[in-house]
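work33.pdb follows (PDB, C-alpha atoms):
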ATOM      1  CA  MET A   1      10.678  51.766  48.074
ATOM      2  CA  ARG A   2       9.232  52.018  51.577
ATOM      3  CA  THR A   3       7.564  55.354  50.807
ATOM      4  CA  PHE A   4       6.170  53.790  47.655
ATOM      5  CA  TYR A   5       4.330  51.085  49.605
ATOM      6  CA  ARG A   6       3.152  53.514  52.243
ATOM      7  CA  THR A   7       1.792  55.857  49.580
ATOM      8  CA  LEU A   8       0.041  53.087  47.733
ATOM      9  CA  ASP A   9      -2.485  51.667  50.117
ATOM     10  CA  ARG A  10      -3.817  48.149  49.973
ATOM     11  CA  ARG A  11      -7.145  49.065  48.374
ATOM     12  CA  LEU A  12      -5.500  50.827  45.463
ATOM     13  CA  LEU A  13      -3.082  47.919  44.987
ATOM     14  CA  ARG A  14      -5.998  45.464  44.906
ATOM     15  CA  ASP A  15      -7.877  47.550  42.309
ATOM     16  CA  VAL A  16      -4.747  47.786  40.182
ATOM     17  CA  ALA A  17      -4.164  44.023  40.490
ATOM     18  CA  LEU A  18      -7.725  43.311  39.324
ATOM     19  CA  VAL A  19      -7.287  45.406  36.189
ATOM     20  CA  ALA A  20      -3.834  43.922  35.493
ATOM     21  CA  LEU A  21      -5.195  40.363  35.789
ATOM     22  CA  ALA A  22      -8.111  41.171  33.462
ATOM     23  CA  ASP A  23      -5.584  42.578  30.983
ATOM     24  CA  GLY A  24      -3.630  39.321  31.275
ATOM     25  CA  VAL A  25      -6.702  37.344  30.224
ATOM     26  CA  VAL A  26      -7.212  39.609  27.209
ATOM     27  CA  GLY A  27      -3.493  39.091  26.474
ATOM     28  CA  LEU A  28      -4.059  35.332  26.446
ATOM     29  CA  SER A  29      -6.767  35.795  23.849
ATOM     30  CA  TYR A  30      -4.617  38.198  21.809
ATOM     31  CA  GLY A  31      -1.774  35.667  21.674
ATOM     32  CA  ALA A  32      -4.133  32.850  20.747
ATOM     33  CA  ILE A  33      -6.007  34.865  18.095
ATOM     34  CA  SER A  34      -2.727  36.024  16.508
ATOM     35  CA  THR A  35      -1.272  32.525  16.144
ATOM     36  CA  GLY A  36      -4.723  31.249  15.154
ATOM     37  CA  SER A  37      -4.731  33.776  12.269
ATOM     38  CA  GLY A  38      -1.532  32.195  10.960
ATOM     39  CA  PHE A  39       1.155  34.456  12.455
ATOM     40  CA  GLY A  40       4.251  32.990  14.091
ATOM     41  CA  ALA A  41       4.245  33.086  17.894
ATOM     42  CA  TRP A  42       6.996  35.738  17.809
ATOM     43  CA  LEU A  43       4.664  38.366  16.346
ATOM     44  CA  PRO A  44       2.203  38.835  19.230
ATOM     45  CA  VAL A  45       5.074  38.521  21.750
ATOM     46  CA  VAL A  46       7.312  41.129  20.085
ATOM     47  CA  MET A  47       4.384  43.485  19.393
ATOM     48  CA  SER A  48       3.178  43.318  22.983
ATOM     49  CA  LEU A  49       6.618  44.208  24.328
ATOM     50  CA  LEU A  50       7.374  46.991  21.830
ATOM     51  CA  VAL A  51       3.961  48.490  21.042
ATOM     52  CA  PHE A  52       2.172  47.630  24.304
ATOM     53  CA  ALA A  53      -1.256  48.937  23.253
ATOM     54  CA  GLY A  54      -4.013  46.319  23.111
ATOM     55  CA  ALA A  55      -6.554  47.973  20.820
ATOM     56  CA  ALA A  56      -3.925  48.918  18.220
ATOM     57  CA  GLN A  57      -2.404  45.426  18.359
ATOM     58  CA  PHE A  58      -5.749  43.682  17.821
ATOM     59  CA  LEU A  59      -6.507  46.005  14.896
ATOM     60  CA  PHE A  60      -3.049  45.476  13.338
ATOM     61  CA  VAL A  61      -3.307  41.687  13.472
ATOM     62  CA  GLY A  62      -6.907  41.745  12.201
ATOM     63  CA  LEU A  63      -6.122  43.990   9.227
ATOM     64  CA  VAL A  64      -2.977  42.102   8.162
ATOM     65  CA  ALA A  65      -4.658  38.689   8.591
ATOM     66  CA  ALA A  66      -7.476  39.914   6.329
ATOM     67  CA  GLY A  67      -4.887  40.628   3.630
ATOM     68  CA  GLY A  68      -4.258  44.308   4.312
ATOM     69  CA  SER A  69      -0.890  46.008   3.922
ATOM     70  CA  PRO A  70       1.201  45.950   7.135
ATOM     71  CA  PHE A  71       1.993  49.658   6.710
ATOM     72  CA  ALA A  72      -1.678  50.596   6.373
ATOM     73  CA  ALA A  73      -2.259  48.527   9.524
ATOM     74  CA  ALA A  74       0.566  50.398  11.302
ATOM     75  CA  VAL A  75      -1.013  53.735  10.353
ATOM     76  CA  ALA A  76      -4.404  52.504  11.596
ATOM     77  CA  GLY A  77      -2.763  51.492  14.893
ATOM     78  CA  LEU A  78      -1.055  54.880  15.168
ATOM     79  CA  LEU A  79      -4.412  56.635  14.756
ATOM     80  CA  ILE A  80      -5.727  54.728  17.778
ATOM     81  CA  ASN A  81      -2.589  55.471  19.802
ATOM     82  CA  SER A  82      -2.551  59.182  18.956
ATOM     83  CA  ARG A  83      -4.575  59.873  22.115
ATOM     84  CA  HIS A  84      -1.430  59.117  24.118
ATOM     85  CA  LEU A  85      -0.160  62.562  23.111
ATOM     86  CA  PRO A  86      -2.804  64.494  25.109
ATOM     87  CA  PHE A  87      -2.682  61.775  27.790
ATOM     88  CA  GLY A  88       1.067  62.311  28.143
ATOM     89  CA  MET A  89       0.534  66.030  28.623
ATOM     90  CA  ALA A  90      -2.092  65.394  31.292
ATOM     91  CA  VAL A  91       0.173  63.082  33.322
ATOM     92  CA  SER A  92       3.452  64.878  32.578
ATOM     93  CA  ASP A  93       3.779  65.834  36.259
ATOM     94  CA  VAL A  94       3.848  62.113  37.061
ATOM     95  CA  LEU A  95       6.503  61.408  34.442
ATOM     96  CA  ARG A  96       9.309  63.641  35.615
ATOM     97  CA  GLY A  97      13.016  63.017  35.954
ATOM     98  CA  ARG A  98      14.556  59.562  35.992
ATOM     99  CA  GLY A  99      12.621  56.714  34.399
ATOM    100  CA  ARG A 100      10.616  59.139  32.273
ATOM    101  CA  ALA A 101      11.099  57.154  29.057
ATOM    102  CA  VAL A 102      10.228  53.814  30.685
ATOM    103  CA  GLY A 103       7.210  55.383  32.370
ATOM    104  CA  SER A 104       5.996  56.802  29.061
ATOM    105  CA  HIS A 105       6.107  53.346  27.499
ATOM    106  CA  LEU A 106       3.790  52.065  30.261
ATOM    107  CA  MET A 107       1.098  54.628  29.347
ATOM    108  CA  THR A 108      -2.345  53.124  28.650
ATOM    109  CA  ASP A 109      -5.952  54.262  29.116
ATOM    110  CA  GLU A 110      -5.962  52.462  32.461
ATOM    111  CA  THR A 111      -2.696  53.881  33.851
ATOM    112  CA  VAL A 112      -3.776  57.413  32.942
ATOM    113  CA  ALA A 113      -7.236  56.881  34.464
ATOM    114  CA  PHE A 114      -5.779  55.451  37.690
ATOM    115  CA  ALA A 115      -3.303  58.337  38.008
ATOM    116  CA  LEU A 116      -5.870  61.060  37.373
ATOM    117  CA  ALA A 117      -8.283  59.518  39.900
ATOM    118  CA  GLN A 118      -5.808  60.203  42.765
ATOM    119  CA  ASP A 119      -5.881  63.340  44.868
ATOM    120  CA  ASP A 120      -2.262  64.244  45.503
ATOM    121  CA  ALA A 121       0.904  64.143  43.437
ATOM    122  CA  ARG A 122       2.591  61.291  45.327
ATOM    123  CA  ARG A 123      -0.426  59.007  45.027
ATOM    124  CA  ARG A 124      -0.762  59.862  41.328
ATOM    125  CA  ARG A 125       2.821  58.828  40.748
ATOM    126  CA  ALA A 126       2.485  55.633  42.789
ATOM    127  CA  ALA A 127      -0.790  54.649  41.090
ATOM    128  CA  TYR A 128       0.645  55.318  37.630
ATOM    129  CA  TRP A 129       3.738  53.179  38.174
ATOM    130  CA  ALA A 130       1.959  50.339  39.957
ATOM    131  CA  CYS A 131      -0.731  50.142  37.288
ATOM    132  CA  GLY A 132       1.728  50.515  34.414
ATOM    133  CA  ALA A 133       4.131  47.855  35.716
ATOM    134  CA  GLY A 134       1.305  45.484  36.721
ATOM    135  CA  ILE A 135      -0.404  45.671  33.345
ATOM    136  CA  PHE A 136       2.907  45.393  31.446
ATOM    137  CA  VAL A 137       3.857  42.187  33.263
ATOM    138  CA  CYS A 138       0.387  40.572  33.139
ATOM    139  CA  TRP A 139      -0.294  41.576  29.525
ATOM    140  CA  ASN A 140       3.014  40.231  28.241
ATOM    141  CA  LEU A 141       2.831  37.000  30.260
ATOM    142  CA  GLY A 142      -0.747  36.509  29.022
ATOM    143  CA  VAL A 143       0.267  37.073  25.397
ATOM    144  CA  LEU A 144       3.244  34.710  25.755
ATOM    145  CA  ALA A 145       1.029  31.964  27.210
ATOM    146  CA  GLY A 146      -1.716  32.546  24.631
ATOM    147  CA  ALA A 147       0.733  32.491  21.720
ATOM    148  CA  PHE A 148       2.232  29.151  22.749
ATOM    149  CA  ALA A 149      -0.732  27.425  24.381
ATOM    150  CA  GLY A 150      -2.857  28.225  21.352
ATOM    151  CA  THR A 151      -6.605  28.529  21.400
ATOM    152  CA  VAL A 152      -7.346  27.758  25.036
ATOM    153  CA  ILE A 153      -9.260  30.978  25.451
ATOM    154  CA  GLY A 154     -10.812  32.138  22.211
ATOM    155  CA  ASP A 155     -13.690  34.410  23.060
ATOM    156  CA  THR A 156     -13.292  36.592  26.163
ATOM    157  CA  ASP A 157     -16.647  38.238  25.299
ATOM    158  CA  ALA A 158     -18.366  35.194  26.820
ATOM    159  CA  PHE A 159     -17.095  36.351  30.243
ATOM    160  CA  GLY A 160     -18.216  39.924  29.602
ATOM    161  CA  LEU A 161     -14.613  41.177  29.696
ATOM    162  CA  ASP A 162     -15.446  43.625  26.919
ATOM    163  CA  ALA A 163     -17.830  45.344  29.387
ATOM    164  CA  ALA A 164     -15.311  45.225  32.255
ATOM    165  CA  PHE A 165     -12.794  47.588  30.620
ATOM    166  CA  PRO A 166     -15.146  50.489  29.883
ATOM    167  CA  ALA A 167     -16.553  49.990  33.415
ATOM    168  CA  VAL A 168     -13.023  50.314  34.856
ATOM    169  CA  LEU A 169     -12.416  53.588  33.019
ATOM    170  CA  LEU A 170     -15.899  54.880  33.867
ATOM    171  CA  ALA A 171     -15.458  54.217  37.590
ATOM    172  CA  LEU A 172     -12.102  56.018  37.543
ATOM    173  CA  VAL A 173     -13.263  59.026  35.525
ATOM    174  CA  LEU A 174     -16.567  59.561  37.397
ATOM    175  CA  PRO A 175     -15.126  61.637  40.284
ATOM    176  CA  SER A 176     -13.692  64.210  37.888
ATOM    177  CA  LEU A 177     -17.141  64.578  36.290
ATOM    178  CA  ARG A 178     -18.474  66.157  39.484
ATOM    179  CA  GLU A 179     -17.178  69.438  38.160
ATOM    180  CA  LYS A 180     -19.811  70.927  35.862
ATOM    181  CA  GLN A 181     -17.604  72.117  33.032
ATOM    182  CA  THR A 182     -15.725  68.805  32.835
ATOM    183  CA  ARG A 183     -19.012  66.883  32.903
ATOM    184  CA  GLN A 184     -20.499  68.922  30.068
ATOM    185  CA  ALA A 185     -17.341  68.543  27.998
ATOM    186  CA  ALA A 186     -17.257  64.780  28.658
ATOM    187  CA  LEU A 187     -20.916  64.304  27.720
ATOM    188  CA  ALA A 188     -20.551  66.356  24.540
ATOM    189  CA  GLY A 189     -17.356  64.474  23.677
ATOM    190  CA  SER A 190     -18.951  61.067  24.237
ATOM    191  CA  ALA A 191     -21.873  61.954  21.961
ATOM    192  CA  ILE A 192     -19.500  63.182  19.246
ATOM    193  CA  ALA A 193     -17.317  60.062  19.502
ATOM    194  CA  VAL A 194     -20.223  57.609  19.293
ATOM    195  CA  GLY A 195     -21.822  59.582  16.450
ATOM    196  CA  ALA A 196     -18.581  59.639  14.470
ATOM    197  CA  THR A 197     -17.624  55.989  14.994
ATOM    198  CA  PRO A 198     -19.677  54.563  12.069
ATOM    199  CA  ILE A 199     -18.006  56.889   9.555
ATOM    200  CA  LEU A 200     -14.439  57.582  10.769
ATOM    201  CA  PRO A 201     -11.454  55.197  11.115
ATOM    202  CA  ALA A 202     -10.836  53.885  14.656
ATOM    203  CA  GLY A 203      -9.016  56.391  16.860
ATOM    204  CA  LEU A 204     -10.255  59.526  15.103
ATOM    205  CA  PRO A 205     -13.687  59.711  16.814
ATOM    206  CA  VAL A 206     -12.143  60.269  20.282
ATOM    207  CA  LEU A 207      -9.794  62.959  18.926
ATOM    208  CA  LEU A 208     -12.738  64.683  17.259
ATOM    209  CA  ALA A 209     -14.585  64.361  20.571
ATOM    210  CA  LEU A 210     -11.768  66.160  22.380
ATOM    211  CA  ALA A 211     -11.611  68.969  19.829
ATOM    212  CA  GLY A 212     -15.383  69.359  19.737
ATOM    213  CA  ALA A 213     -15.831  69.290  23.496
ATOM    214  CA  LEU A 214     -13.130  71.893  24.082
ATOM    215  CA  VAL A 215     -14.664  74.200  21.498
ATOM    216  CA  LEU A 216     -18.202  73.687  22.821
ATOM    217  CA  VAL A 217     -17.676  74.173  26.543
ATOM    218  CA  GLY A 218     -14.277  75.439  27.245
ATOM    219  CA  TRP A 219     -11.363  77.584  26.475
ATOM    220  CA  ARG A 220     -13.350  80.635  27.404
TER     221      ARG A 220
ATOM    222  CA  MET B   1      10.575  41.590   6.766
ATOM    223  CA  THR B   2       7.869  44.085   5.731
ATOM    224  CA  LEU B   3       5.883  42.932   8.739
ATOM    225  CA  LEU B   4       8.814  43.580  11.069
ATOM    226  CA  ILE B   5       9.379  47.104   9.689
ATOM    227  CA  ALA B   6       5.663  47.900   9.991
ATOM    228  CA  ILE B   7       5.695  46.767  13.626
ATOM    229  CA  GLY B   8       8.778  48.957  14.166
ATOM    230  CA  VAL B   9       6.955  51.952  12.686
ATOM    231  CA  LEU B  10       3.935  51.341  14.932
ATOM    232  CA  ALA B  11       6.142  50.885  18.016
ATOM    233  CA  ALA B  12       8.273  53.977  17.336
ATOM    234  CA  GLY B  13       5.272  56.173  16.515
ATOM    235  CA  THR B  14       3.394  55.008  19.591
ATOM    236  CA  PHE B  15       6.384  55.739  21.808
ATOM    237  CA  ALA B  16       6.726  59.191  20.239
ATOM    238  CA  PHE B  17       3.083  59.957  21.088
ATOM    239  CA  ARG B  18       3.604  58.751  24.660
ATOM    240  CA  PHE B  19       6.903  60.521  25.232
ATOM    241  CA  ALA B  20       6.048  63.894  23.655
ATOM    242  CA  GLY B  21       4.051  65.171  26.647
ATOM    243  CA  PRO B  22       6.627  64.380  29.357
ATOM    244  CA  LEU B  23       9.440  65.667  27.102
ATOM    245  CA  LEU B  24       7.647  68.951  26.437
ATOM    246  CA  GLN B  25       6.978  69.400  30.147
ATOM    247  CA  SER B  26      10.693  69.292  30.935
ATOM    248  CA  ARG B  27      11.570  71.826  28.224
ATOM    249  CA  ILE B  28       8.985  74.526  28.731
ATOM    250  CA  GLN B  29       7.180  75.923  31.731
ATOM    251  CA  ILE B  30       3.527  74.872  31.566
ATOM    252  CA  SER B  31       1.135  77.225  33.334
ATOM    253  CA  PRO B  32      -1.330  75.853  35.929
ATOM    254  CA  ARG B  33      -4.155  76.882  33.604
ATOM    255  CA  VAL B  34      -2.822  74.760  30.738
ATOM    256  CA  GLN B  35      -2.312  71.896  33.192
ATOM    257  CA  THR B  36      -6.013  72.160  34.171
ATOM    258  CA  VAL B  37      -7.088  72.146  30.528
ATOM    259  CA  MET B  38      -4.941  69.048  29.957
ATOM    260  CA  ALA B  39      -6.551  67.229  32.909
ATOM    261  CA  THR B  40      -9.996  68.119  31.560
ATOM    262  CA  SER B  41      -8.902  66.918  28.113
ATOM    263  CA  ALA B  42      -7.827  63.569  29.533
ATOM    264  CA  ALA B  43     -11.194  63.177  31.287
ATOM    265  CA  VAL B  44     -13.022  63.996  28.035
ATOM    266  CA  LEU B  45     -10.865  61.503  26.105
ATOM    267  CA  LEU B  46     -11.441  58.767  28.687
ATOM    268  CA  ALA B  47     -15.194  59.429  28.679
ATOM    269  CA  ALA B  48     -15.218  59.238  24.870
ATOM    270  CA  VAL B  49     -13.249  55.969  25.011
ATOM    271  CA  VAL B  50     -15.765  54.590  27.536
ATOM    272  CA  ALA B  51     -18.707  55.595  25.342
ATOM    273  CA  THR B  52     -17.302  54.134  22.126
ATOM    274  CA  GLN B  53     -16.080  50.936  23.827
ATOM    275  CA  ALA B  54     -19.434  50.466  25.531
ATOM    276  CA  VAL B  55     -21.692  51.099  22.556
ATOM    277  CA  THR B  56     -19.750  50.258  19.407
ATOM    278  CA  GLU B  57     -17.775  47.360  17.941
ATOM    279  CA  GLY B  58     -15.714  48.345  14.913
ATOM    280  CA  HIS B  59     -18.000  50.733  13.022
ATOM    281  CA  ASP B  60     -21.219  49.111  14.240
ATOM    282  CA  PHE B  61     -23.495  48.907  17.266
ATOM    283  CA  ALA B  62     -22.090  46.486  19.841
ATOM    284  CA  GLY B  63     -25.468  45.014  20.789
ATOM    285  CA  PHE B  64     -27.328  45.494  24.065
ATOM    286  CA  ALA B  65     -25.486  43.166  26.455
ATOM    287  CA  ARG B  66     -22.312  45.244  26.717
ATOM    288  CA  PRO B  67     -23.803  48.751  27.170
ATOM    289  CA  VAL B  68     -26.246  47.413  29.786
ATOM    290  CA  GLY B  69     -23.373  45.802  31.712
ATOM    291  CA  VAL B  70     -21.301  49.001  31.559
ATOM    292  CA  ALA B  71     -24.326  51.042  32.672
ATOM    293  CA  VAL B  72     -24.845  48.773  35.687
ATOM    294  CA  GLY B  73     -21.164  49.197  36.553
ATOM    295  CA  GLY B  74     -21.446  52.973  36.117
ATOM    296  CA  LEU B  75     -24.513  53.138  38.356
ATOM    297  CA  LEU B  76     -22.721  51.172  41.084
ATOM    298  CA  ALA B  77     -19.654  53.414  40.788
ATOM    299  CA  TRP B  78     -21.876  56.478  41.059
ATOM    300  CA  ARG B  79     -23.348  55.037  44.282
ATOM    301  CA  ASN B  80     -19.778  54.655  45.586
ATOM    302  CA  ALA B  81     -19.729  50.856  45.382
ATOM    303  CA  PRO B  82     -16.290  49.208  45.722
ATOM    304  CA  PHE B  83     -14.261  49.107  42.526
ATOM    305  CA  LEU B  84     -14.169  45.302  42.520
ATOM    306  CA  LEU B  85     -17.976  45.115  42.640
ATOM    307  CA  VAL B  86     -18.275  47.664  39.813
ATOM    308  CA  VAL B  87     -15.976  45.738  37.471
ATOM    309  CA  VAL B  88     -17.240  42.242  38.285
ATOM    310  CA  SER B  89     -20.905  43.349  38.022
ATOM    311  CA  ALA B  90     -20.363  44.925  34.612
ATOM    312  CA  ALA B  91     -18.756  41.724  33.302
ATOM    313  CA  ALA B  92     -21.274  39.408  34.987
ATOM    314  CA  VAL B  93     -24.370  41.283  33.769
ATOM    315  CA  THR B  94     -23.034  41.287  30.208
ATOM    316  CA  ALA B  95     -22.060  37.604  30.359
ATOM    317  CA  LEU B  96     -25.464  36.603  31.784
ATOM    318  CA  LEU B  97     -27.354  38.659  29.190
ATOM    319  CA  ARG B  98     -25.390  36.904  26.437
ATOM    320  CA  LEU B  99     -26.071  33.552  28.061
ATOM    321  CA  ALA B 100     -29.769  34.454  27.945
ATOM    322  CA  GLY B 101     -29.478  35.139  24.226
ATOM    323  CA  VAL B 102     -29.306  38.967  24.282
ATOM    324  CA  PRO B 103     -26.922  40.079  21.499
TER     325      PRO B 103
END
Kindly return the structure encoded in the file as structure tokens.
Amino acid sequence: MRTFYRTLDRRLLRDVALVALADGVVGLSYGAISTGSGFGAWLPVVMSLLVFAGAAQFLFVGLVAAGGSPFAAAVAGLLINSRHLPFGMAVSDVLRGRGRAVGSHLMTDETVAFALAQDDARRRRAAYWACGAGIFVCWNLGVLAGAFAGTVIGDTDAFGLDAAFPAVLLALVLPSLREKQTRQAALAGSAIAVGATPILPAGLPVLLALAGALVLVGWR
Amino acid sequence: MTLLIAIGVLAAGTFAFRFAGPLLQSRIQISPRVQTVMATSAAVLLAAVVATQAVTEGHDFAGFARPVGVAVGGLLAWRNAPFLLVVVSAAAVTALLRLAGVP
């Protein structure tokens, strides 16, 4: 444990705490929106513990509340979460040995971004676990409070939280874009993803972006 | 009951996606070159997530407030501003633009 704290300096811990707290606020809104759409309080709480993927959970609740089939909603959620497969390969050096299964469950866009933004293997591991555990605790506490306290916080967009999350990922991914080939692939991928979003189901545009970018710039 | 099974399917499938990479890593030797390609792939995916989250909402354009806020955050990050400032600025700019009536 002592090496863990030494590896993870105060600045990194503070950055991780900020993101975890912001996730907690979104969790509050997820819990409140779910119960507000007529679901029992158990649904957002159980989903957040077992699925633990915000975007997929919001989509699932939205589709089912609008009268869609729960299985179609599950498939739609799985499409969004499919990017965890390449993510898991990218951080597989972090998720070795004991605790591998638990660590995998903590995988989110943010944990992967925090891990990949670190220079050496020990810091990657420390950042991944701190971010994963912090977000898991804050997200689930937020959802629990939101589900039972009801509609205290309805619209987190008023605080600009919807801009905070892409900014978090952007700040973390920027250093890796210094390398020319990665930058070109990322720019091509972003253009593909945005262009495909109006016509493809959620989750597919980023996968298409990955495929397209790798074909365009890499694998030579 | 249907709802519970559907949630189970989503949870199990999501875990399978997350666990496949680490599981594969322990079974087969992955060359440094493949590891590099995977790191690049993750950066491309994250960039694509940033772009779609910043610009779109569902299948539509998200309005101007959010992309402007994210761009301000990105600019600050590029100038090596502290992470806290990047995140808070992005949220604040977007919130203020909305307060001013920008969609």
Q) If we count all atoms listed in the file, what is near Leu144 of chain A at a cut-off of 10 Å, once residues fewer than 5 positions away on the same chain are taken out, given as a list in words? A) Gly24, Gly27, Leu28, Tyr30, Gly31, Ala32, Ala41, Trp42, Pro44, Val45, Val46, Ser48, Cys138, Trp139, Ala149 and Gly150 of chain A
Name the residues that the PyMOL selection byres ((chain A) within 7 of (chain B)) pulls out of this structure, and write them as a short mmCIF file (atom, residue, chain, number, x, y, z; two decimals) with C-alpha atoms, keeping the file's coordinate frame.
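out-v2.cif, freshly written:
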data_model
loop_
_atom_site.label_atom_id
_atom_site.label_comp_id
_atom_site.auth_asym_id
_atom_site.auth_seq_id
_atom_site.Cartn_x
_atom_site.Cartn_y
_atom_site.Cartn_z
CA ASP A 15 -7.88 47.55 42.31
CA MET A 47 4.38 43.48 19.39
CA LEU A 50 7.37 46.99 21.83
CA VAL A 51 3.96 48.49 21.04
CA PRO A 70 1.20 45.95 7.14
CA PHE A 71 1.99 49.66 6.71
CA ALA A 74 0.57 50.40 11.30
CA GLY A 77 -2.76 51.49 14.89
CA LEU A 78 -1.06 54.88 15.17
CA ASN A 81 -2.59 55.47 19.80
CA SER A 82 -2.55 59.18 18.96
CA HIS A 84 -1.43 59.12 24.12
CA LEU A 85 -0.16 62.56 23.11
CA PRO A 86 -2.80 64.49 25.11
CA PHE A 87 -2.68 61.78 27.79
CA GLY A 88 1.07 62.31 28.14
CA MET A 89 0.53 66.03 28.62
CA ALA A 90 -2.09 65.39 31.29
CA SER A 92 3.45 64.88 32.58
CA LEU A 95 6.50 61.41 34.44
CA ARG A 96 9.31 63.64 35.62
CA ALA A 101 11.10 57.15 29.06
CA SER A 104 6.00 56.80 29.06
CA HIS A 105 6.11 53.35 27.50
CA MET A 107 1.10 54.63 29.35
CA ALA A 158 -18.37 35.19 26.82
CA PHE A 159 -17.10 36.35 30.24
CA GLY A 160 -18.22 39.92 29.60
CA LEU A 161 -14.61 41.18 29.70
CA ALA A 163 -17.83 45.34 29.39
CA ALA A 164 -15.31 45.22 32.26
CA PRO A 166 -15.15 50.49 29.88
CA ALA A 167 -16.55 49.99 33.42
CA VAL A 168 -13.02 50.31 34.86
CA LEU A 169 -12.42 53.59 33.02
CA LEU A 170 -15.90 54.88 33.87
CA ALA A 171 -15.46 54.22 37.59
CA VAL A 173 -13.26 59.03 35.52
CA THR A 182 -15.72 68.81 32.84
CA ALA A 185 -17.34 68.54 28.00
CA ALA A 186 -17.26 64.78 28.66
CA GLY A 189 -17.36 64.47 23.68
CA SER A 190 -18.95 61.07 24.24
CA ALA A 193 -17.32 60.06 19.50
CA VAL A 194 -20.22 57.61 19.29
CA THR A 197 -17.62 55.99 14.99
CA PRO A 198 -19.68 54.56 12.07
CA VAL A 206 -12.14 60.27 20.28
CA ALA A 209 -14.58 64.36 20.57
CA LEU A 210 -11.77 66.16 22.38
#
Practice prompt. Could you expand the PyMOL selection byres ((chain A and resi 108) around 8) into the explicit residues it covers here, written as a ChimeraX atom specification?
Written response: /A:53,84,106-107,109-112,132
Separating atom CA of Ala133 of chain A from atom CA of Val102 of chain A, to the nearest tenth of an Å, is a gap of 9.9 Å
Expected axis-aligned box over every listed atom of segment 2-18 of chain B, 8 Å added per side, centre plus edges in Å to one decimal, as lines of an AutoDock Vina configuration file:
center_x = 6.2
center_y = 51.4
center_z = 15.2
size_x = 22.3
size_y = 33.0
size_z = 34.9
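Going from atom CA of Ile28 of chain B to atom CA of Leu79 of chain A covers 26.4 Å.
As for atom CA of Gly40 of chain A and atom CA of Phe58 of chain A, they are spaced 15.1 Å apart.
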| message | Please enumerate the residues selected by the PyMOL selection byres ((chain A and resi 118) around 12) when evaluated against the supplied file, formatted as a PyMOL selection string. | response | chain A and resi 7-9+12+91+94+111-117+119-128+172-173+175-176
> Near Gly212 of chain A, counting only C-alpha atoms, which residues have an atom at most 8 Å away, once you skip same-chain residues fewer than 4 positions from it, shown as a ChimeraX atom specification?
Replying inline: /A:188-189,192,208,216
What would segment 4-17 of chain B look like with N, CA and C atoms restored, written as an mmCIF file, in the frame of the given file?
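Okay, this is what ended up in out35.cif:
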data_model
loop_
_atom_site.group_PDB
_atom_site.id
_atom_site.type_symbol
_atom_site.label_atom_id
_atom_site.label_comp_id
_atom_site.auth_asym_id
_atom_site.auth_seq_id
_atom_site.Cartn_x
_atom_site.Cartn_y
_atom_site.Cartn_z
ATOM 1 N N LEU B 4 7.962 43.137 9.962
ATOM 2 C CA LEU B 4 8.814 43.580 11.069
ATOM 3 C C LEU B 4 9.000 45.099 11.034
ATOM 4 N N ILE B 5 9.195 45.654 9.822
ATOM 5 C CA ILE B 5 9.379 47.104 9.689
ATOM 6 C C ILE B 5 8.090 47.831 10.086
ATOM 7 N N ALA B 6 6.952 47.279 9.647
ATOM 8 C CA ALA B 6 5.663 47.900 9.991
ATOM 9 C C ALA B 6 5.451 47.916 11.509
ATOM 10 N N ILE B 7 5.814 46.819 12.162
ATOM 11 C CA ILE B 7 5.695 46.767 13.626
ATOM 12 C C ILE B 7 6.629 47.803 14.258
ATOM 13 N N GLY B 8 7.828 47.951 13.679
ATOM 14 C CA GLY B 8 8.778 48.957 14.166
ATOM 15 C C GLY B 8 8.216 50.364 14.041
ATOM 16 N N VAL B 9 7.557 50.635 12.902
ATOM 17 C CA VAL B 9 6.955 51.952 12.686
ATOM 18 C C VAL B 9 5.869 52.207 13.732
ATOM 19 N N LEU B 10 5.015 51.205 13.956
ATOM 20 C CA LEU B 10 3.935 51.341 14.932
ATOM 21 C C LEU B 10 4.504 51.549 16.342
ATOM 22 N N ALA B 11 5.551 50.772 16.680
ATOM 23 C CA ALA B 11 6.142 50.885 18.016
ATOM 24 C C ALA B 11 6.797 52.246 18.217
ATOM 25 N N ALA B 12 7.561 52.699 17.212
ATOM 26 C CA ALA B 12 8.273 53.977 17.336
ATOM 27 C C ALA B 12 7.285 55.142 17.396
ATOM 28 N N GLY B 13 6.272 55.101 16.535
ATOM 29 C CA GLY B 13 5.272 56.173 16.515
ATOM 30 C C GLY B 13 4.495 56.237 17.817
ATOM 31 N N THR B 14 4.142 55.059 18.336
ATOM 32 C CA THR B 14 3.394 55.008 19.591
ATOM 33 C C THR B 14 4.233 55.579 20.731
ATOM 34 N N PHE B 15 5.521 55.210 20.749
ATOM 35 C CA PHE B 15 6.384 55.739 21.808
ATOM 36 C C PHE B 15 6.519 57.258 21.683
ATOM 37 N N ALA B 16 6.610 57.742 20.449
ATOM 38 C CA ALA B 16 6.726 59.191 20.239
ATOM 39 C C ALA B 16 5.504 59.917 20.794
ATOM 40 N N PHE B 17 4.312 59.368 20.534
ATOM 41 C CA PHE B 17 3.083 59.957 21.088
ATOM 42 C C PHE B 17 3.149 59.984 22.617
#
